[in-house]
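Chemist: Provided below: final.pdb, containing PDB, C-alpha atoms.
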ATOM      1  CA  MET A   1      21.809 -37.237  15.223  1.00  0.00           C
ATOM      2  CA  LYS A   2      25.542 -37.189  15.677  1.00  0.00           C
ATOM      3  CA  SER A   3      25.920 -35.493  12.298  1.00  0.00           C
ATOM      4  CA  LEU A   4      23.988 -32.481  13.637  1.00  0.00           C
ATOM      5  CA  GLU A   5      26.312 -32.201  16.610  1.00  0.00           C
ATOM      6  CA  THR A   6      29.301 -32.304  14.231  1.00  0.00           C
ATOM      7  CA  LEU A   7      27.696 -29.617  12.054  1.00  0.00           C
ATOM      8  CA  LEU A   8      27.200 -27.379  15.095  1.00  0.00           C
ATOM      9  CA  GLN A   9      30.743 -27.998  16.371  1.00  0.00           C
ATOM     10  CA  ASN A  10      32.073 -26.899  12.979  1.00  0.00           C
ATOM     11  CA  ALA A  11      29.907 -23.758  13.064  1.00  0.00           C
ATOM     12  CA  ARG A  12      31.219 -22.931  16.550  1.00  0.00           C
ATOM     13  CA  ALA A  13      34.788 -23.320  15.270  1.00  0.00           C
ATOM     14  CA  GLN A  14      34.051 -21.041  12.290  1.00  0.00           C
ATOM     15  CA  ALA A  15      32.525 -18.309  14.439  1.00  0.00           C
ATOM     16  CA  PRO A  16      33.922 -18.484  17.970  1.00  0.00           C
ATOM     17  CA  GLN A  17      32.379 -15.079  18.756  1.00  0.00           C
ATOM     18  CA  LEU A  18      28.881 -16.518  18.201  1.00  0.00           C
ATOM     19  CA  LYS A  19      27.257 -18.103  21.227  1.00  0.00           C
ATOM     20  CA  LEU A  20      25.648 -21.103  19.513  1.00  0.00           C
ATOM     21  CA  THR A  21      23.525 -23.305  21.755  1.00  0.00           C
ATOM     22  CA  SER A  22      21.586 -26.413  20.837  1.00  0.00           C
ATOM     23  CA  GLN A  23      18.992 -28.816  22.144  1.00  0.00           C
ATOM     24  CA  ILE A  24      18.850 -31.960  20.014  1.00  0.00           C
ATOM     25  CA  ASP A  25      16.260 -34.567  21.007  1.00  0.00           C
ATOM     26  CA  ALA A  26      17.991 -37.959  21.447  1.00  0.00           C
ATOM     27  CA  ARG A  27      14.968 -39.640  19.850  1.00  0.00           C
ATOM     28  CA  LEU A  28      16.067 -38.199  16.507  1.00  0.00           C
ATOM     29  CA  ASN A  29      18.619 -41.008  16.318  1.00  0.00           C
ATOM     30  CA  GLY A  30      15.663 -43.241  15.368  1.00  0.00           C
ATOM     31  CA  ILE A  31      14.939 -41.156  12.262  1.00  0.00           C
ATOM     32  CA  ASP A  32      16.744 -41.870   9.006  1.00  0.00           C
ATOM     33  CA  GLY A  33      16.410 -41.600   5.259  1.00  0.00           C
ATOM     34  CA  LEU A  34      14.991 -38.613   3.453  1.00  0.00           C
ATOM     35  CA  LEU A  35      13.431 -37.079   6.579  1.00  0.00           C
ATOM     36  CA  SER A  36      16.761 -37.135   8.400  1.00  0.00           C
ATOM     37  CA  GLN A  37      18.556 -35.666   5.377  1.00  0.00           C
ATOM     38  CA  THR A  38      15.959 -32.927   4.996  1.00  0.00           C
ATOM     39  CA  ILE A  39      16.148 -31.816   8.611  1.00  0.00           C
ATOM     40  CA  TYR A  40      19.951 -31.874   8.489  1.00  0.00           C
ATOM     41  CA  ARG A  41      20.007 -29.722   5.323  1.00  0.00           C
ATOM     42  CA  VAL A  42      17.461 -27.246   6.695  1.00  0.00           C
ATOM     43  CA  ILE A  43      19.500 -26.792   9.868  1.00  0.00           C
ATOM     44  CA  GLN A  44      22.728 -26.594   7.859  1.00  0.00           C
ATOM     45  CA  GLU A  45      21.357 -23.850   5.605  1.00  0.00           C
ATOM     46  CA  ALA A  46      19.806 -21.907   8.484  1.00  0.00           C
ATOM     47  CA  VAL A  47      23.053 -21.979  10.482  1.00  0.00           C
ATOM     48  CA  THR A  48      24.992 -20.955   7.371  1.00  0.00           C
ATOM     49  CA  ASN A  49      22.618 -18.007   6.952  1.00  0.00           C
ATOM     50  CA  VAL A  50      23.180 -16.982  10.556  1.00  0.00           C
ATOM     51  CA  LEU A  51      26.955 -17.106  10.047  1.00  0.00           C
ATOM     52  CA  ARG A  52      26.888 -15.223   6.729  1.00  0.00           C
ATOM     53  CA  HIS A  53      24.101 -12.699   7.067  1.00  0.00           C
ATOM     54  CA  ALA A  54      22.616 -12.261  10.540  1.00  0.00           C
ATOM     55  CA  ARG A  55      25.414 -10.384  12.320  1.00  0.00           C
ATOM     56  CA  ALA A  56      24.188 -12.222  15.427  1.00  0.00           C
ATOM     57  CA  SER A  57      25.918 -12.572  18.769  1.00  0.00           C
ATOM     58  CA  SER A  58      23.895 -15.654  19.712  1.00  0.00           C
ATOM     59  CA  ALA A  59      21.907 -18.371  17.988  1.00  0.00           C
ATOM     60  CA  GLN A  60      20.007 -21.438  19.090  1.00  0.00           C
ATOM     61  CA  VAL A  61      19.184 -24.688  17.290  1.00  0.00           C
ATOM     62  CA  VAL A  62      16.395 -26.875  18.652  1.00  0.00           C
ATOM     63  CA  ALA A  63      15.403 -30.160  17.023  1.00  0.00           C
ATOM     64  CA  ARG A  64      12.760 -32.321  18.652  1.00  0.00           C
ATOM     65  CA  ILE A  65       9.887 -34.696  18.133  1.00  0.00           C
ATOM     66  CA  GLU A  66       6.632 -33.066  19.139  1.00  0.00           C
ATOM     67  CA  ASN A  67       3.160 -34.535  18.626  1.00  0.00           C
ATOM     68  CA  GLU A  68       4.460 -37.037  16.049  1.00  0.00           C
ATOM     69  CA  GLU A  69       6.216 -34.275  14.105  1.00  0.00           C
ATOM     70  CA  LEU A  70       9.896 -33.514  13.775  1.00  0.00           C
ATOM     71  CA  VAL A  71      10.390 -29.841  14.512  1.00  0.00           C
ATOM     72  CA  ALA A  72      13.565 -27.877  13.842  1.00  0.00           C
ATOM     73  CA  GLU A  73      13.791 -24.277  15.019  1.00  0.00           C
ATOM     74  CA  ILE A  74      16.766 -22.044  14.416  1.00  0.00           C
ATOM     75  CA  SER A  75      16.746 -18.595  15.970  1.00  0.00           C
ATOM     76  CA  ASP A  76      19.225 -15.762  16.327  1.00  0.00           C
ATOM     77  CA  ASP A  77      19.454 -12.248  17.719  1.00  0.00           C
ATOM     78  CA  GLY A  78      20.829 -10.748  14.523  1.00  0.00           C
ATOM     79  CA  ILE A  79      19.470  -8.130  12.156  1.00  0.00           C
ATOM     80  CA  GLY A  80      16.461 -10.239  11.156  1.00  0.00           C
ATOM     81  CA  LEU A  81      14.806 -10.556   7.789  1.00  0.00           C
ATOM     82  CA  ALA A  82      14.006  -7.469   5.790  1.00  0.00           C
ATOM     83  CA  ALA A  83      10.272  -6.936   5.280  1.00  0.00           C
ATOM     84  CA  ASP A  84      10.776  -7.284   1.535  1.00  0.00           C
ATOM     85  CA  GLN A  85      13.183 -10.235   1.802  1.00  0.00           C
ATOM     86  CA  VAL A  86      13.456 -12.185  -1.439  1.00  0.00           C
ATOM     87  CA  PHE A  87      14.265 -15.874  -1.134  1.00  0.00           C
ATOM     88  CA  GLY A  88      17.746 -16.673  -2.378  1.00  0.00           C
ATOM     89  CA  ARG A  89      18.916 -20.114  -3.447  1.00  0.00           C
ATOM     90  CA  GLY A  90      19.463 -21.296   0.128  1.00  0.00           C
ATOM     91  CA  LEU A  91      16.007 -20.393   1.442  1.00  0.00           C
ATOM     92  CA  THR A  92      14.389 -21.661  -1.752  1.00  0.00           C
ATOM     93  CA  GLY A  93      16.242 -24.970  -1.380  1.00  0.00           C
ATOM     94  CA  MET A  94      15.075 -25.270   2.229  1.00  0.00           C
ATOM     95  CA  LEU A  95      11.482 -24.633   1.212  1.00  0.00           C
ATOM     96  CA  GLU A  96      11.607 -27.126  -1.663  1.00  0.00           C
ATOM     97  CA  ARG A  97      13.106 -29.883   0.510  1.00  0.00           C
ATOM     98  CA  VAL A  98      10.489 -29.431   3.213  1.00  0.00           C
ATOM     99  CA  ARG A  99       7.578 -29.189   0.773  1.00  0.00           C
ATOM    100  CA  ALA A 100       8.724 -32.410  -0.928  1.00  0.00           C
ATOM    101  CA  LEU A 101       7.879 -34.144   2.354  1.00  0.00           C
ATOM    102  CA  SER A 102       4.588 -32.251   2.774  1.00  0.00           C
ATOM    103  CA  GLY A 103       6.163 -30.191   5.563  1.00  0.00           C
ATOM    104  CA  THR A 104       6.097 -26.465   6.231  1.00  0.00           C
ATOM    105  CA  LEU A 105       8.783 -23.855   6.601  1.00  0.00           C
ATOM    106  CA  GLN A 106       8.178 -20.543   8.350  1.00  0.00           C
ATOM    107  CA  LEU A 107      10.451 -17.539   8.520  1.00  0.00           C
ATOM    108  CA  LEU A 108       9.332 -15.183  11.256  1.00  0.00           C
ATOM    109  CA  ARG A 109      10.323 -11.703  12.299  1.00  0.00           C
ATOM    110  CA  GLU A 110       9.340  -9.943  15.485  1.00  0.00           C
ATOM    111  CA  GLN A 111       8.676  -6.229  15.197  1.00  0.00           C
ATOM    112  CA  GLY A 112      11.047  -3.981  17.092  1.00  0.00           C
ATOM    113  CA  ARG A 113      13.548  -6.755  17.710  1.00  0.00           C
ATOM    114  CA  THR A 114      16.327  -8.243  15.685  1.00  0.00           C
ATOM    115  CA  TRP A 115      15.176 -11.829  16.130  1.00  0.00           C
ATOM    116  CA  SER A 116      14.488 -14.350  13.428  1.00  0.00           C
ATOM    117  CA  VAL A 117      13.135 -17.877  13.678  1.00  0.00           C
ATOM    118  CA  ALA A 118      13.026 -20.588  11.043  1.00  0.00           C
ATOM    119  CA  ALA A 119      10.776 -23.535  11.901  1.00  0.00           C
ATOM    120  CA  CYS A 120      10.319 -26.718   9.926  1.00  0.00           C
ATOM    121  CA  ARG A 121       7.556 -29.138  10.825  1.00  0.00           C
ATOM    122  CA  GLN A 122       7.243 -32.540   9.224  1.00  0.00           C
ATOM    123  CA  GLU A 123       5.048 -35.434  10.308  1.00  0.00           C
ATOM    124  CA  ILE A 124       7.012 -38.488  11.408  1.00  0.00           C
ATOM    125  CA  PRO A 125       6.370 -41.290   8.911  1.00  0.00           C
ATOM    126  CA  ARG A 126       4.234 -44.089  10.301  1.00  0.00           C
ATOM    127  CA  THR A 127       6.969 -46.520   9.215  1.00  0.00           C
ATOM    128  CA  ALA A 128       9.214 -45.227  12.010  1.00  0.00           C
ATOM    129  CA  THR A 129       8.693 -47.592  14.901  1.00  0.00           C
ATOM    130  CA  ARG A 130       7.669 -46.300  18.305  1.00  0.00           C
ATOM    131  CA  ARG A 131      10.593 -48.291  19.724  1.00  0.00           C
ATOM    132  CA  ASN A 132      13.060 -46.165  17.717  1.00  0.00           C
ATOM    133  CA  LEU A 133      11.334 -42.942  18.730  1.00  0.00           C
ATOM    134  CA  GLU A 134      11.316 -43.791  22.430  1.00  0.00           C
ATOM    135  CA  ARG A 135      15.040 -44.441  22.758  1.00  0.00           C
TER     136      ARG A 135
END
Kindly transcribe the structure held in the file into structure tokens.

Modeler:
Amino acid sequence: MKSLETLLQNARAQAPQLKLTSQIDARLNGIDGLLSQTIYRVIQEAVTNVLRHARASSAQVVARIENEELVAEISDDGIGLAADQVFGRGLTGMLERVRALSGTLQLLREQGRTWSVAACRQEIPRTATRRNLER
């Protein structure tokens, strides 16, 4: 997904002090439509949250196909989520987009560490051809 690489390049330009790494599965180029848009928007919102709120020095974006699911994980070493974190518009929008495709969104926090992970799992539609996924 070239658009994801562009999104991440723009984030790096906005926050040159942030070490932003990524691993984007090349097979994602075979995914399009609503699934592609949803994953893009989830990653966009998560990266925006890192830039605005996390006070992180590093972040990582991983997007891959795993067991016929598209998985996007965004993690950072920032201040993490407060235990009583209330979903704002951005997190609510992420959750609604993912749920519309029968996916799941998890926001995790590890005790004693300032590490947060957002993971989105969505089954790859059977209409996507194996040929496109194996590129």

Chemist: Counting all atoms listed in the file, what is within 7 Å of Ala56 in chain A, bar same-chain residues fewer than 6 positions away, as number ranges by chain?

Modeler: A: 18, 50, 76-78

Chemist: For the selection just defined, write its residues with C-alpha atoms to a file, as a CSV table (one decimal), in the frame of the given file.

Modeler:
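Resulting contents of again.csv:
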chain,number,residue,atom,x,y,z
A,18,LEU,CA,28.9,-16.5,18.2
A,50,VAL,CA,23.2,-17.0,10.6
A,76,ASP,CA,19.2,-15.8,16.3
A,77,ASP,CA,19.5,-12.2,17.7
A,78,GLY,CA,20.8,-10.7,14.5

Chemist: My list of candidates is A:Asn49, A:Ser22, A:Phe87, A:Leu28. Which is closest to Glu68 in chain A when distances are computed with all atoms listed in the file?

Modeler: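 Looking at the shortest contact to Glu68 in chain A, the residue is A:Leu28.
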
Chemist: Smallest atom-to-atom distance to Thr92 in chain A: which of A:Ile79, A:Ala59, A:Ala46, A:Glu69, using all atoms listed in the file?

Modeler: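 Checking each of A:Ile79, A:Ala59, A:Ala46, A:Glu69 against Thr92 in chain A, counting all atoms listed in the file, the winner is A:Ala46.
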
Chemist: Separation of CA of Val62 in chain A and CA of Asp25 in chain A, in Å?

Modeler: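 Here the two named atoms are 8.0 Å from each other.
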
Chemist: Go through A:Thr21, A:Val42, A:Asn67, A:Ala54 one by one, measure the shortest atom-to-atom distance of each to Gln106 in chain A using all atoms listed in the file, and give the residue with the smallest value.

Modeler: A:Val42

Chemist: Please write out, as AutoDock Vina command-line options, where the centre of an axis-aligned box around all listed atoms of range 86-91 of chain A lies and how long its edges are, in Å to one decimal, after adding 5 Å on each side.

Modeler:
--center_x 16.5 --center_y -16.7 --center_z -1.0 --size_x 16.0 --size_y 19.1 --size_z 14.9

Chemist: I'd like to know which of A:Gln44, A:Ser3, A:Gln60, A:Gln14 is closest to Gly93 in chain A, using all atoms listed in the file.

Modeler: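 Between A:Gln44, A:Ser3, A:Gln60, A:Gln14, the residue approaching Gly93 in chain A most closely is A:Gln44.
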
Chemist: Kindly indicate which residue among A:Arg12, A:Val71, A:Arg99, A:Asp84 lies nearest to Ser57 in chain A, using all atoms listed in the file for the distances.

Modeler: A:Arg12

Chemist: Please enumerate the residues selected by the PyMOL selection byres ((chain A and resi 2) around 10) when evaluated against the supplied file, formatted as a ChimeraX atom specification.

Modeler: /A:1,3-8,24,26,28-29

Chemist: Would you put the residues from that selection into a file with C-alpha atoms, as a compact mmCIF listing (two decimals), in the coordinates of the input?

Modeler:
# COMPACT_ATOMS: atom_id res chain seq x y z
CA MET A 1 21.81 -37.24 15.22
CA SER A 3 25.92 -35.49 12.30
CA LEU A 4 23.99 -32.48 13.64
CA GLU A 5 26.31 -32.20 16.61
CA THR A 6 29.30 -32.30 14.23
CA LEU A 7 27.70 -29.62 12.05
CA LEU A 8 27.20 -27.38 15.10
CA ILE A 24 18.85 -31.96 20.01
CA ALA A 26 17.99 -37.96 21.45
CA LEU A 28 16.07 -38.20 16.51
CA ASN A 29 18.62 -41.01 16.32

Chemist: Looking at A:Ala72, A:Leu51, A:Ala100, A:Leu91, which one is nearest to Leu34 in chain A, with distances taken over all atoms listed in the file?

Modeler: A:Ala100

Chemist: Between CA of Met94 in chain A and CA of Lys19 in chain A, what distance in Å does the model show, to one decimal?

Modeler: 23.7 Å

Chemist: In Å, rounded to a single decimal, give me how far CA of Leu20 in chain A is from CA of Thr48 in chain A.

Modeler: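 Computing it gives 12.2 Å between the two atoms.
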
Chemist: Return as a list in words the set of residues that the PyMOL selection byres ((chain A and resi 38) around 10) yields on the displayed structure.

Modeler: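 Taken on the displayed file, the PyMOL selection byres ((chain A and resi 38) around 10) yields the residues Asp32, Gly33, Leu34, Leu35, Ser36, Gln37, Ile39, Tyr40, Arg41, Val42, Ile43, Gln44, Met94, Glu96, Arg97, Val98, Ala100, Leu101, Cys120 and Gln122 of chain A.
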